[in-house]
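*Asks:* Handing over work-v3.csv, CSV, C-alpha atoms.
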chain,number,residue,atom,x,y,z
N,1,MET,CA,-20.6,63.3,-67.3
N,2,THR,CA,-18.6,62.6,-70.4
N,3,GLY,CA,-15.0,61.6,-69.6
N,4,ILE,CA,-12.0,63.1,-71.3
N,5,ASN,CA,-8.3,62.9,-70.8
N,6,ARG,CA,-6.8,65.3,-68.3
N,7,LEU,CA,-5.3,68.4,-69.6
N,8,ARG,CA,-1.6,68.6,-69.7
N,9,GLN,CA,-1.1,72.3,-70.4
N,10,THR,CA,-1.5,75.4,-68.3
N,11,ALA,CA,-3.5,77.2,-70.9
N,12,LEU,CA,-7.0,75.7,-71.2
N,13,GLY,CA,-8.1,75.5,-74.8
N,14,ALA,CA,-11.9,75.6,-75.2
N,15,ALA,CA,-11.6,72.9,-77.9
N,16,ALA,CA,-10.5,70.5,-75.2
N,17,PHE,CA,-14.0,70.7,-73.7
N,18,GLY,CA,-15.7,70.8,-77.1
N,19,LEU,CA,-17.1,74.3,-76.3
N,20,ALA,CA,-15.5,76.3,-79.0
N,21,ALA,CA,-17.7,77.9,-81.6
N,22,GLY,CA,-15.0,78.8,-84.0
N,23,ALA,CA,-11.8,80.9,-84.2
N,24,ALA,CA,-10.5,83.8,-86.1
N,25,SER,CA,-7.5,86.0,-85.9
N,26,MET,CA,-7.5,88.7,-83.2
N,27,ALA,CA,-6.5,91.2,-85.8
N,28,SER,CA,-9.9,90.9,-87.5
N,29,ALA,CA,-11.9,90.9,-84.3
N,30,GLU,CA,-14.5,93.5,-83.6
N,31,GLU,CA,-15.4,94.4,-80.0
N,32,ILE,CA,-18.5,93.6,-78.1
N,33,ASN,CA,-19.3,95.1,-74.7
N,34,VAL,CA,-20.5,92.6,-72.0
N,35,GLY,CA,-21.9,94.3,-68.9
N,36,VAL,CA,-21.4,92.5,-65.6
N,37,ALA,CA,-23.5,93.8,-62.7
N,38,THR,CA,-22.0,91.6,-59.9
N,39,ALA,CA,-21.7,91.7,-56.1
N,40,GLN,CA,-18.1,92.3,-55.2
N,41,THR,CA,-19.2,93.1,-51.7
N,42,GLY,CA,-22.1,92.0,-49.5
N,43,TYR,CA,-23.7,88.6,-48.8
N,44,LEU,CA,-23.9,87.7,-52.5
N,45,ALA,CA,-20.2,88.1,-53.1
N,46,PRO,CA,-19.3,84.5,-52.1
N,47,TYR,CA,-21.5,83.3,-55.0
N,48,ASP,CA,-21.0,86.1,-57.6
N,49,GLN,CA,-17.2,86.2,-57.3
N,50,PRO,CA,-16.5,82.5,-58.0
N,51,SER,CA,-18.9,82.7,-61.0
N,52,LEU,CA,-17.1,85.8,-62.2
N,53,ALA,CA,-13.7,84.1,-61.9
N,54,GLY,CA,-14.9,81.2,-64.1
N,55,LEU,CA,-16.4,83.7,-66.6
N,56,ARG,CA,-13.1,85.6,-66.8
N,57,MET,CA,-11.3,82.4,-67.6
N,58,ALA,CA,-13.7,81.6,-70.4
N,59,ILE,CA,-13.5,85.1,-71.9
N,60,ASP,CA,-9.7,85.1,-71.8
N,61,GLU,CA,-9.7,81.9,-73.8
N,62,ILE,CA,-12.4,83.1,-76.2
N,63,ASN,CA,-10.7,86.4,-76.9
N,64,ALA,CA,-7.4,84.5,-77.6
N,65,LYS,CA,-9.3,82.5,-80.3
N,66,GLY,CA,-10.8,85.6,-81.9
N,67,GLY,CA,-13.7,86.5,-79.6
N,68,LEU,CA,-17.3,85.5,-79.4
N,69,GLY,CA,-18.3,83.5,-82.4
N,70,GLY,CA,-14.7,83.8,-83.6
N,71,LYS,CA,-15.3,87.5,-84.4
N,72,TYR,CA,-16.2,89.8,-81.5
N,73,LYS,CA,-13.5,90.4,-78.9
N,74,VAL,CA,-15.2,90.7,-75.5
N,75,ASN,CA,-14.8,93.9,-73.4
N,76,LEU,CA,-16.0,92.9,-69.9
N,77,MET,CA,-17.4,96.0,-68.1
N,78,ILE,CA,-17.8,95.1,-64.4
N,79,LYS,CA,-19.5,97.1,-61.8
N,80,ASP,CA,-20.2,96.3,-58.1
N,81,THR,CA,-23.8,96.0,-57.1
N,82,ARG,CA,-22.9,95.8,-53.4
N,83,THR,CA,-25.6,93.1,-53.0
N,84,ASP,CA,-28.3,95.8,-53.2
N,85,THR,CA,-31.1,95.7,-55.7
N,86,ALA,CA,-31.4,99.5,-56.2
N,87,GLN,CA,-27.6,99.6,-56.8
N,88,THR,CA,-27.9,96.8,-59.2
N,89,VAL,CA,-30.4,98.7,-61.3
N,90,THR,CA,-28.2,101.8,-61.1
N,91,VAL,CA,-25.1,100.0,-62.4
N,92,ALA,CA,-27.1,98.1,-65.0
N,93,GLN,CA,-28.3,101.4,-66.5
N,94,GLU,CA,-24.7,102.7,-66.5
N,95,LEU,CA,-23.6,99.6,-68.3
N,96,ILE,CA,-26.4,100.0,-70.9
N,97,ASP,CA,-25.5,103.6,-71.4
N,98,ALA,CA,-21.8,102.5,-71.9
N,99,GLY,CA,-23.0,100.2,-74.8
N,100,ALA,CA,-23.5,96.8,-73.2
N,101,LYS,CA,-25.0,94.4,-75.7
N,102,ILE,CA,-25.1,91.5,-73.2
N,103,MET,CA,-25.9,91.8,-69.5
N,104,LEU,CA,-24.9,89.4,-66.7
N,105,THR,CA,-26.5,89.9,-63.3
N,106,PRO,CA,-26.0,88.7,-59.7
N,107,CYS,CA,-26.8,85.2,-58.3
N,108,ASP,CA,-30.2,86.3,-57.1
N,109,ALA,CA,-33.6,86.6,-58.7
N,110,ASP,CA,-34.7,89.9,-57.3
N,111,PRO,CA,-32.0,92.2,-58.7
N,112,THR,CA,-32.1,90.1,-62.0
N,113,ILE,CA,-35.8,90.7,-62.4
N,114,SER,CA,-35.3,94.5,-61.8
N,115,VAL,CA,-32.5,94.6,-64.5
N,116,GLY,CA,-34.8,92.7,-66.9
N,117,GLN,CA,-37.2,95.7,-66.8
N,118,LEU,CA,-34.3,97.7,-68.3
N,119,THR,CA,-32.8,95.2,-70.7
N,120,GLY,CA,-36.1,93.7,-72.0
N,121,PRO,CA,-37.4,96.7,-74.0
N,122,LEU,CA,-33.9,97.0,-75.6
N,123,GLY,CA,-33.7,93.3,-76.4
N,124,ILE,CA,-30.5,92.8,-74.5
N,125,PRO,CA,-29.9,89.2,-73.4
N,126,THR,CA,-29.6,89.0,-69.7
N,127,ILE,CA,-28.1,86.0,-67.8
N,128,THR,CA,-28.0,85.6,-64.1
N,129,LEU,CA,-24.6,84.3,-63.0
N,130,CYS,CA,-26.2,81.7,-60.7
N,131,GLY,CA,-29.7,82.9,-59.7
N,132,THR,CA,-32.0,79.9,-59.5
N,133,ALA,CA,-35.5,81.1,-58.8
N,134,PRO,CA,-37.6,80.0,-61.9
N,135,VAL,CA,-39.8,83.1,-61.4
N,136,LEU,CA,-36.9,85.3,-62.6
N,137,VAL,CA,-37.6,84.4,-66.2
N,138,VAL,CA,-41.3,85.0,-65.8
N,139,ALA,CA,-41.1,88.4,-64.0
N,140,GLY,CA,-37.8,89.4,-65.6
N,141,GLY,CA,-39.1,89.3,-69.2
N,142,ASP,CA,-38.4,87.6,-72.4
N,143,THR,CA,-34.7,88.4,-72.5
N,144,VAL,CA,-33.8,87.0,-69.1
N,145,PHE,CA,-32.1,83.6,-68.8
N,146,GLY,CA,-31.0,81.3,-65.9
N,147,ALA,CA,-27.9,79.2,-66.1
N,148,TYR,CA,-27.9,77.1,-62.9
N,149,PRO,CA,-30.4,74.4,-62.1
N,150,GLY,CA,-33.7,76.0,-61.1
N,151,ASP,CA,-35.0,76.0,-57.6
N,152,ASN,CA,-38.1,73.9,-58.5
N,153,ILE,CA,-35.8,71.3,-60.2
N,154,ALA,CA,-33.3,71.2,-57.4
N,155,ALA,CA,-36.1,70.9,-54.8
N,156,THR,CA,-37.6,68.0,-56.7
N,157,ALA,CA,-34.3,66.2,-56.8
N,158,VAL,CA,-33.9,66.6,-53.0
N,159,ALA,CA,-37.4,65.5,-52.3
N,160,ASP,CA,-37.0,62.4,-54.6
N,161,PHE,CA,-33.9,61.5,-52.6
N,162,ALA,CA,-35.5,62.1,-49.2
N,163,ILE,CA,-38.4,59.8,-50.1
N,164,SER,CA,-35.9,57.2,-51.5
N,165,GLU,CA,-34.1,57.3,-48.1
N,166,GLY,CA,-37.4,56.6,-46.3
N,167,LYS,CA,-37.9,60.1,-44.9
N,168,LYS,CA,-41.5,60.5,-44.0
N,169,THR,CA,-41.8,63.9,-42.3
N,170,ALA,CA,-40.2,67.3,-42.9
N,171,TYR,CA,-40.1,70.8,-41.3
N,172,LEU,CA,-39.8,73.8,-43.7
N,173,LEU,CA,-37.8,76.8,-42.6
N,174,VAL,CA,-38.3,79.7,-45.0
N,175,SER,CA,-37.7,83.5,-45.3
N,176,PRO,CA,-39.9,85.8,-47.2
N,177,ASP,CA,-36.9,88.1,-47.8
N,178,SER,CA,-35.9,86.6,-51.1
N,179,THR,CA,-37.6,84.4,-53.8
N,180,TYR,CA,-34.9,81.7,-53.2
N,181,THR,CA,-35.4,81.4,-49.4
N,182,ALA,CA,-39.2,81.7,-49.7
N,183,ASN,CA,-40.0,79.4,-52.6
N,184,LEU,CA,-37.4,76.6,-52.7
N,185,PRO,CA,-38.5,74.9,-49.5
N,186,GLU,CA,-42.1,75.1,-50.6
N,187,TYR,CA,-41.3,73.5,-53.9
N,188,PHE,CA,-39.7,70.7,-51.8
N,189,GLY,CA,-42.8,70.4,-49.7
N,190,LYS,CA,-45.1,70.0,-52.7
N,191,VAL,CA,-43.1,67.2,-54.2
N,192,PHE,CA,-42.4,65.6,-50.8
N,193,GLU,CA,-46.1,65.4,-50.0
N,194,ALA,CA,-47.1,64.4,-53.5
N,195,LYS,CA,-44.8,61.3,-53.0
N,196,GLY,CA,-46.3,60.4,-49.7
N,197,GLY,CA,-44.3,62.5,-47.3
N,198,LYS,CA,-45.8,64.9,-44.7
N,199,VAL,CA,-44.8,68.5,-43.8
N,200,VAL,CA,-45.3,68.6,-40.0
N,201,GLY,CA,-44.5,72.3,-39.5
N,202,ARG,CA,-43.2,75.6,-41.0
N,203,GLY,CA,-41.1,78.3,-39.6
N,204,SER,CA,-39.9,81.7,-40.8
N,205,PHE,CA,-36.7,83.7,-40.3
N,206,THR,CA,-35.4,87.2,-41.3
N,207,MET,CA,-32.3,87.1,-43.5
N,208,GLY,CA,-29.3,88.3,-41.5
N,209,GLN,CA,-30.8,87.7,-38.1
N,210,PRO,CA,-28.3,86.3,-35.6
N,211,ASP,CA,-30.6,84.5,-33.3
N,212,PHE,CA,-32.6,81.4,-34.2
N,213,SER,CA,-33.6,80.4,-30.7
N,214,ALA,CA,-37.3,80.9,-31.2
N,215,GLU,CA,-37.3,78.7,-34.3
N,216,ILE,CA,-35.3,76.1,-32.6
N,217,THR,CA,-37.7,76.1,-29.6
N,218,ASN,CA,-40.6,75.6,-32.0
N,219,ILE,CA,-38.9,72.7,-33.7
N,220,LYS,CA,-38.1,71.0,-30.3
N,221,GLY,CA,-41.7,71.5,-29.2
N,222,LEU,CA,-43.2,69.7,-32.2
N,223,ALA,CA,-45.4,66.8,-31.2
N,224,GLU,CA,-44.0,64.9,-34.1
N,225,GLN,CA,-40.3,65.4,-34.6
N,226,PRO,CA,-39.5,65.6,-38.3
N,227,ASP,CA,-37.1,63.3,-40.1
N,228,LEU,CA,-35.5,66.4,-41.7
N,229,ILE,CA,-35.5,70.1,-41.8
N,230,MET,CA,-35.6,71.7,-45.3
N,231,THR,CA,-34.4,75.2,-45.8
N,232,ALA,CA,-32.8,77.5,-48.5
N,233,ALA,CA,-31.0,79.6,-45.9
N,234,TYR,CA,-27.4,80.5,-46.8
N,235,GLU,CA,-24.5,82.5,-45.5
N,236,PRO,CA,-24.6,83.9,-42.9
N,237,ASP,CA,-27.9,82.5,-41.8
N,238,PHE,CA,-27.3,78.8,-42.5
N,239,PRO,CA,-24.1,78.6,-40.4
N,240,ALA,CA,-25.8,80.5,-37.6
N,241,PHE,CA,-28.9,78.3,-37.6
N,242,VAL,CA,-27.0,75.0,-37.7
N,243,GLN,CA,-24.6,76.0,-34.9
N,244,GLN,CA,-27.4,77.0,-32.7
N,245,LEU,CA,-29.5,73.9,-33.6
N,246,ARG,CA,-26.7,71.5,-32.7
N,247,ALA,CA,-25.9,73.5,-29.5
N,248,ALA,CA,-29.5,73.0,-28.5
N,249,GLY,CA,-29.1,69.2,-28.8
N,250,VAL,CA,-31.2,68.9,-32.0
N,251,THR,CA,-29.7,66.2,-34.3
N,252,ILE,CA,-32.3,66.3,-37.1
N,253,PRO,CA,-30.5,66.4,-40.5
N,254,VAL,CA,-30.8,69.7,-42.3
N,255,TYR,CA,-31.3,69.6,-46.1
N,256,GLY,CA,-30.7,72.5,-48.4
N,257,ALA,CA,-29.7,73.5,-51.9
N,258,ASP,CA,-26.7,74.8,-53.9
N,259,ALA,CA,-26.0,77.9,-51.7
N,260,ILE,CA,-24.6,75.7,-48.9
N,261,GLY,CA,-21.9,74.0,-51.0
N,262,THR,CA,-19.4,76.6,-49.9
N,263,PRO,CA,-16.1,76.7,-48.0
N,264,THR,CA,-17.7,78.4,-45.1
N,265,VAL,CA,-20.3,75.7,-44.6
N,266,LYS,CA,-17.8,73.0,-45.1
N,267,ALA,CA,-15.6,74.6,-42.4
N,268,LEU,CA,-18.4,73.8,-39.9
N,269,GLY,CA,-17.1,70.2,-40.0
N,270,SER,CA,-19.1,67.6,-38.0
N,271,LEU,CA,-21.9,70.2,-37.3
N,272,VAL,CA,-23.1,69.8,-40.9
N,273,ASP,CA,-22.6,66.0,-41.2
N,274,GLY,CA,-25.7,64.5,-42.8
N,275,THR,CA,-26.6,67.8,-44.6
N,276,VAL,CA,-27.8,67.2,-48.2
N,277,TYR,CA,-27.4,69.9,-50.8
N,278,THR,CA,-27.4,70.3,-54.6
N,279,SER,CA,-24.8,71.2,-57.1
N,280,ALA,CA,-24.5,71.7,-60.9
N,281,GLY,CA,-21.8,69.1,-61.3
N,282,TYR,CA,-19.5,66.5,-59.8
N,283,ALA,CA,-15.9,66.1,-60.7
N,284,SER,CA,-15.7,62.3,-61.1
N,285,PRO,CA,-12.4,60.9,-62.2
N,286,GLY,CA,-11.7,61.6,-65.9
N,287,SER,CA,-14.7,64.0,-66.3
N,288,LYS,CA,-14.7,67.3,-68.0
N,289,LEU,CA,-15.4,69.0,-64.7
N,290,GLU,CA,-12.3,67.4,-63.1
N,291,ALA,CA,-10.2,68.6,-66.1
N,292,PHE,CA,-11.7,72.1,-65.7
N,293,ASN,CA,-10.9,72.1,-62.0
N,294,GLU,CA,-7.3,71.3,-62.7
N,295,ALA,CA,-7.1,73.9,-65.4
N,296,PHE,CA,-8.8,76.6,-63.3
N,297,THR,CA,-6.3,75.9,-60.5
N,298,LYS,CA,-3.5,76.7,-62.9
N,299,TYR,CA,-5.2,79.7,-64.3
N,300,ALA,CA,-6.3,81.3,-61.0
N,301,GLY,CA,-3.6,80.0,-58.6
N,302,HIS,CA,-6.1,78.2,-56.4
N,303,ALA,CA,-8.7,75.4,-56.7
N,304,PRO,CA,-12.3,76.2,-57.4
N,305,GLU,CA,-14.4,76.8,-54.3
N,306,SER,CA,-17.5,75.2,-55.7
N,307,THR,CA,-19.2,74.6,-59.1
N,308,TYR,CA,-20.0,78.3,-59.4
N,309,GLU,CA,-16.6,78.8,-61.2
N,310,ALA,CA,-17.6,76.1,-63.7
N,311,ASN,CA,-21.0,77.7,-64.2
N,312,GLY,CA,-19.4,81.1,-64.9
N,313,TYR,CA,-17.1,79.4,-67.4
N,314,GLU,CA,-20.0,77.7,-69.1
N,315,ILE,CA,-21.8,81.0,-69.4
N,316,GLY,CA,-18.9,82.4,-71.4
N,317,TYR,CA,-19.2,79.5,-73.9
N,318,ILE,CA,-22.9,79.7,-74.0
N,319,LEU,CA,-22.5,83.3,-75.2
N,320,ASP,CA,-19.8,82.1,-77.6
N,321,ALA,CA,-22.2,79.5,-79.1
N,322,ALA,CA,-25.1,82.0,-79.2
N,323,VAL,CA,-23.1,84.7,-81.0
N,324,ALA,CA,-21.9,82.1,-83.5
N,325,ALA,CA,-25.5,81.0,-84.1
N,326,ALA,CA,-26.6,84.7,-84.4
N,327,GLY,CA,-23.8,85.5,-86.9
N,328,SER,CA,-23.8,89.0,-85.6
N,329,ASP,CA,-23.5,91.2,-82.4
N,330,ASP,CA,-27.2,92.2,-82.6
N,331,PRO,CA,-28.6,91.7,-79.0
N,332,LYS,CA,-31.9,90.3,-80.2
N,333,ALA,CA,-30.2,87.8,-82.4
N,334,ILE,CA,-27.9,86.7,-79.6
N,335,ARG,CA,-31.0,86.3,-77.3
N,336,ASP,CA,-32.5,84.0,-79.9
N,337,GLY,CA,-29.2,82.2,-80.2
N,338,ILE,CA,-29.2,81.4,-76.5
N,339,ALA,CA,-32.9,80.4,-76.6
N,340,GLY,CA,-32.1,77.9,-79.4
N,341,LEU,CA,-29.3,76.0,-77.8
N,342,LYS,CA,-29.8,72.3,-77.4
N,343,ASP,CA,-27.6,69.7,-75.8
N,344,PHE,CA,-24.8,72.3,-75.4
N,345,GLU,CA,-21.8,70.4,-74.0
N,346,GLY,CA,-20.7,72.1,-70.9
N,347,VAL,CA,-18.1,71.0,-68.4
N,348,THR,CA,-20.8,69.8,-66.0
N,349,GLY,CA,-23.0,68.1,-68.6
N,350,LYS,CA,-25.4,68.9,-71.4
N,351,ILE,CA,-27.4,72.1,-71.1
N,352,THR,CA,-30.5,72.8,-73.2
N,353,TYR,CA,-32.6,76.0,-73.6
N,354,ALA,CA,-34.5,75.0,-76.7
N,355,GLY,CA,-38.1,74.3,-75.8
N,356,THR,CA,-37.8,75.7,-72.3
N,357,ASN,CA,-39.0,79.0,-70.6
N,358,ARG,CA,-35.3,80.1,-70.5
N,359,MET,CA,-34.4,78.1,-67.4
N,360,PRO,CA,-32.1,75.4,-68.7
N,361,VAL,CA,-32.7,71.7,-68.6
N,362,ARG,CA,-29.6,70.2,-66.9
N,363,PRO,CA,-28.8,67.5,-64.4
N,364,VAL,CA,-28.8,68.1,-60.7
N,365,VAL,CA,-26.1,66.6,-58.5
N,366,LEU,CA,-26.8,65.6,-54.9
N,367,MET,CA,-24.1,65.9,-52.3
N,368,ARG,CA,-23.9,65.2,-48.6
N,369,TYR,CA,-21.4,66.4,-45.9
N,370,GLU,CA,-19.9,63.4,-44.2
N,371,GLY,CA,-16.9,63.5,-41.9
N,372,GLY,CA,-16.6,67.2,-42.6
N,373,GLU,CA,-16.3,66.6,-46.4
N,374,PRO,CA,-18.8,66.8,-49.3
N,375,LYS,CA,-19.5,63.3,-50.7
N,376,TYR,CA,-21.2,62.5,-54.0
N,377,ILE,CA,-24.6,60.9,-53.8
N,378,ALA,CA,-26.1,60.8,-57.2
N,379,THR,CA,-26.9,62.8,-60.4
N,380,ILE,CA,-30.6,63.2,-61.0
N,381,THR,CA,-32.6,64.6,-63.8
N,382,PRO,CA,-36.1,64.9,-62.3
N,383,ASP,CA,-39.2,63.9,-64.3
N,384,PRO,CA,-40.6,67.2,-65.7
N,385,ALA,CA,-44.1,66.1,-64.8
N,386,GLU,CA,-43.1,66.1,-61.1
N,387,VAL,CA,-41.5,69.6,-61.1
N,388,PRO,CA,-43.7,72.2,-59.5
N,389,GLU,CA,-44.7,75.2,-61.6
N,390,PRO,CA,-43.1,78.6,-60.7
Represent the supplied structure as structure tokens.
*Replies:*
Amino acid sequence: MTGINRLRQTALGAAAFGLAAGAASMASAEEINVGVATAQTGYLAPYDQPSLAGLRMAIDEINAKGGLGGKYKVNLMIKDTRTDTAQTVTVAQELIDAGAKIMLTPCDADPTISVGQLTGPLGIPTITLCGTAPVLVVAGGDTVFGAYPGDNIAATAVADFAISEGKKTAYLLVSPDSTYTANLPEYFGKVFEAKGGKVVGRGSFTMGQPDFSAEITNIKGLAEQPDLIMTAAYEPDFPAFVQQLRAAGVTIPVYGADAIGTPTVKALGSLVDGTVYTSAGYASPGSKLEAFNEAFTKYAGHAPESTYEANGYEIGYILDAAVAAAGSDDPKAIRDGIAGLKDFEGVTGKITYAGTNRMPVRPVVLMRYEGGEPKYIATITPDPAEVPEP
């Protein structure tokens, strides 16, 4: 992370982060509609809403400086998907009909892929707020982009760390109900075994199930107790699983990914001590992310809950840079502008789309809960040769 001086003013100027693509007077700004199909309710809301809050902050700043590319004032059109894929498609179509030239989708691959079937033929660039399944850019089509570290990259970073800690065996807990919960643990397993580790068992759960007793019985009955349990379960499943696991006397550490870096999981206190997870950034002293966190607190009246706010903020400036590169509000030109970004200076580090399949190259931060608090472990950029294919 590149250090900068802390901001001293309530208003956060994009230039302080080096993200501005230019400025023009508001009087000369044209308008561009940005559709936001986001979960305001349902189990995706704890992820979508922080991302949306960061995006709003960025758009307020960008509009104050003349709009995207210094020319196009953003009109955010926001509709609730209710954490339902069919509803996401419905509201996405409504946003397209209302003139959206850019589309933002929920923090999940499945609804994003479905929206991509609508936006792709129209050339409308589509960015998932914090969806991480790398398959989303394959199945979603040529206009779909990720923004957060991909599941295969995050899983590789966690596996690298587990091996470095001397972990030799792992149990994978998956759910077929989403690409995130199904594939991320398997990516981990591939890398873990390629580096000499051994997967000693696999279990499955249904998202939203309240009872994990059968899975816990299976784990306790393993002939070889694993050094760790790897899962991509998130709220409400992860808290339920961990609480029941510890109540059953199982002390095996549970590893996960970005979706457990939340206030709800942190509130479990000592129950999650030893849990490793990933993040898009770490607010080290003097870093851009620390400065962002301070400025966001002044903007929103409360501190960020996670790095999802920073990610949403970065998406705003990715669009700003892409529109500046496009030199117009033509959706296809903006799509190409995003695809061509290289070493974009975000608040969490450099972000690159150029030369990728539209999942960005960016560092992965590893965190671990200790004493009921998230503690920084390391920042890792995995070797691309070791990252499993989607």
*Asks:* Please identify all polymer residues lying at most 12 Å from the point (-20.8, 81.3, -48.0) (file coordinates), using only C-alpha atoms, and present the result as a PyMOL selection string.
*Replies:* chain N and resi 42-50+233-240+258-268+305-306+308
*Asks:* Mind giving me the straight-line distance from CA of Val254 in chain N to CA of Gln225 in chain N in Å, one decimal?
*Replies:*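 Answer for the CA of Val254 in chain N to CA of Gln225 in chain N separation: 13.0 Å.
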*Asks:* Give the answer as one residue: which of N:Leu68, N:Gly316, N:Gly123, N:Thr297 has the shortest atom-to-atom distance to Gly141 in chain N, using all atoms listed in the file?
*Replies:*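 For Gly141 in chain N, the nearest of the candidates is N:Gly123.
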*Asks:* Would you pick out the contacts of Ile219 in chain N at 9 Å or less, using all atoms listed in the file, so that residues sharing its chain but fewer than 2 positions from it are not included, and give the list as a list of chain:residue names?
*Replies:*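 So, after excluding close chain neighbours, the residues are N:Tyr171, N:Gly201, N:Arg202, N:Gly203, N:Ala214, N:Glu215, N:Ile216, N:Thr217, N:Gly221, N:Leu222, N:Gln225, N:Pro226, N:Val250.
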*Asks:* State, in Å with one decimal place, the distance from CA of Lys342 in chain N to CA of Ile127 in chain N.
*Replies:* 16.8 Å
*Asks:* Can I get the residues of range 226-326 of chain N within 6 Å of range 357-371 of chain N, each with the closest pair of atoms and their distance in Å to one decimal, using only C-alpha atoms, sorted chain first then ascending number, as CSV?
*Replies:*
residue,atom,partner,partner_atom,distance
N:Asp273,CA,N:Glu370,CA,4.8
N:Gly274,CA,N:Tyr369,CA,5.6
N:Thr275,CA,N:Arg368,CA,5.5
N:Val276,CA,N:Arg368,CA,4.4
N:Tyr277,CA,N:Met367,CA,5.4
N:Thr278,CA,N:Leu366,CA,4.7
N:Ser279,CA,N:Val365,CA,5.0
N:Ala280,CA,N:Val364,CA,5.6
N:Gly281,CA,N:Val365,CA,5.7
*Asks:* State, in Å with one decimal place, the distance from CA of Pro390 in chain N to CA of Ala86 in chain N.
*Replies:*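 Separation between CA of Pro390 in chain N and CA of Ala86 in chain N: 24.4 Å.
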*Asks:* Which residues, protein or nucleic acid, reach to within 8 Å of (-39.3, 81.0, -43.1) in the file's coordinates when using all atoms listed in the file, and can you give that as a PyMOL selection string?
*Replies:* chain N and resi 172-176+181-182+202-206
*Asks:* How big is the axis-aligned box, and where does its centre sit, when it encloses all atoms of range 334-350 of chain N listed in the file and has 4 Å added on every side, reported in Å to one decimal as JSON?
*Replies:*
{"center_x": -25.5, "center_y": 77.4, "center_z": -73.1, "size_x": 22.8, "size_y": 26.6, "size_z": 22.2}
*Asks:* Taking all atoms listed in the file into account, which of N:Ala232, N:Ile153, N:Ile252, N:Val144 comes nearest Pro185 in chain N?
*Replies:*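 Going through N:Ala232, N:Ile153, N:Ile252, N:Val144 one by one, the smallest distance to Pro185 in chain N is for N:Ala232.
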*Asks:* As a PyMOL selection string, please: the residues near Ala325 in chain N (cut-off 10 Å, all atoms listed in the file, same-chain neighbours under 5 positions excluded).
*Replies:* chain N and resi 21+69+319-320+333-334+336-338+340-341
*Asks:* Which is closest to Phe241 in chain N among N:Val272, N:Ala223, N:Ile380, N:Ala326, if we use all atoms listed in the file?
*Replies:*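 Closest residue, counting all atoms listed in the file: N:Val272.
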*Asks:* Applying 12 Å and all atoms listed in the file, which residues near Ala385 in chain N remain after dropping the ones on its own chain fewer than 4 positions away? List them as a ChimeraX atom specification.
*Replies:* /N:152-153,156,191,194,381,389
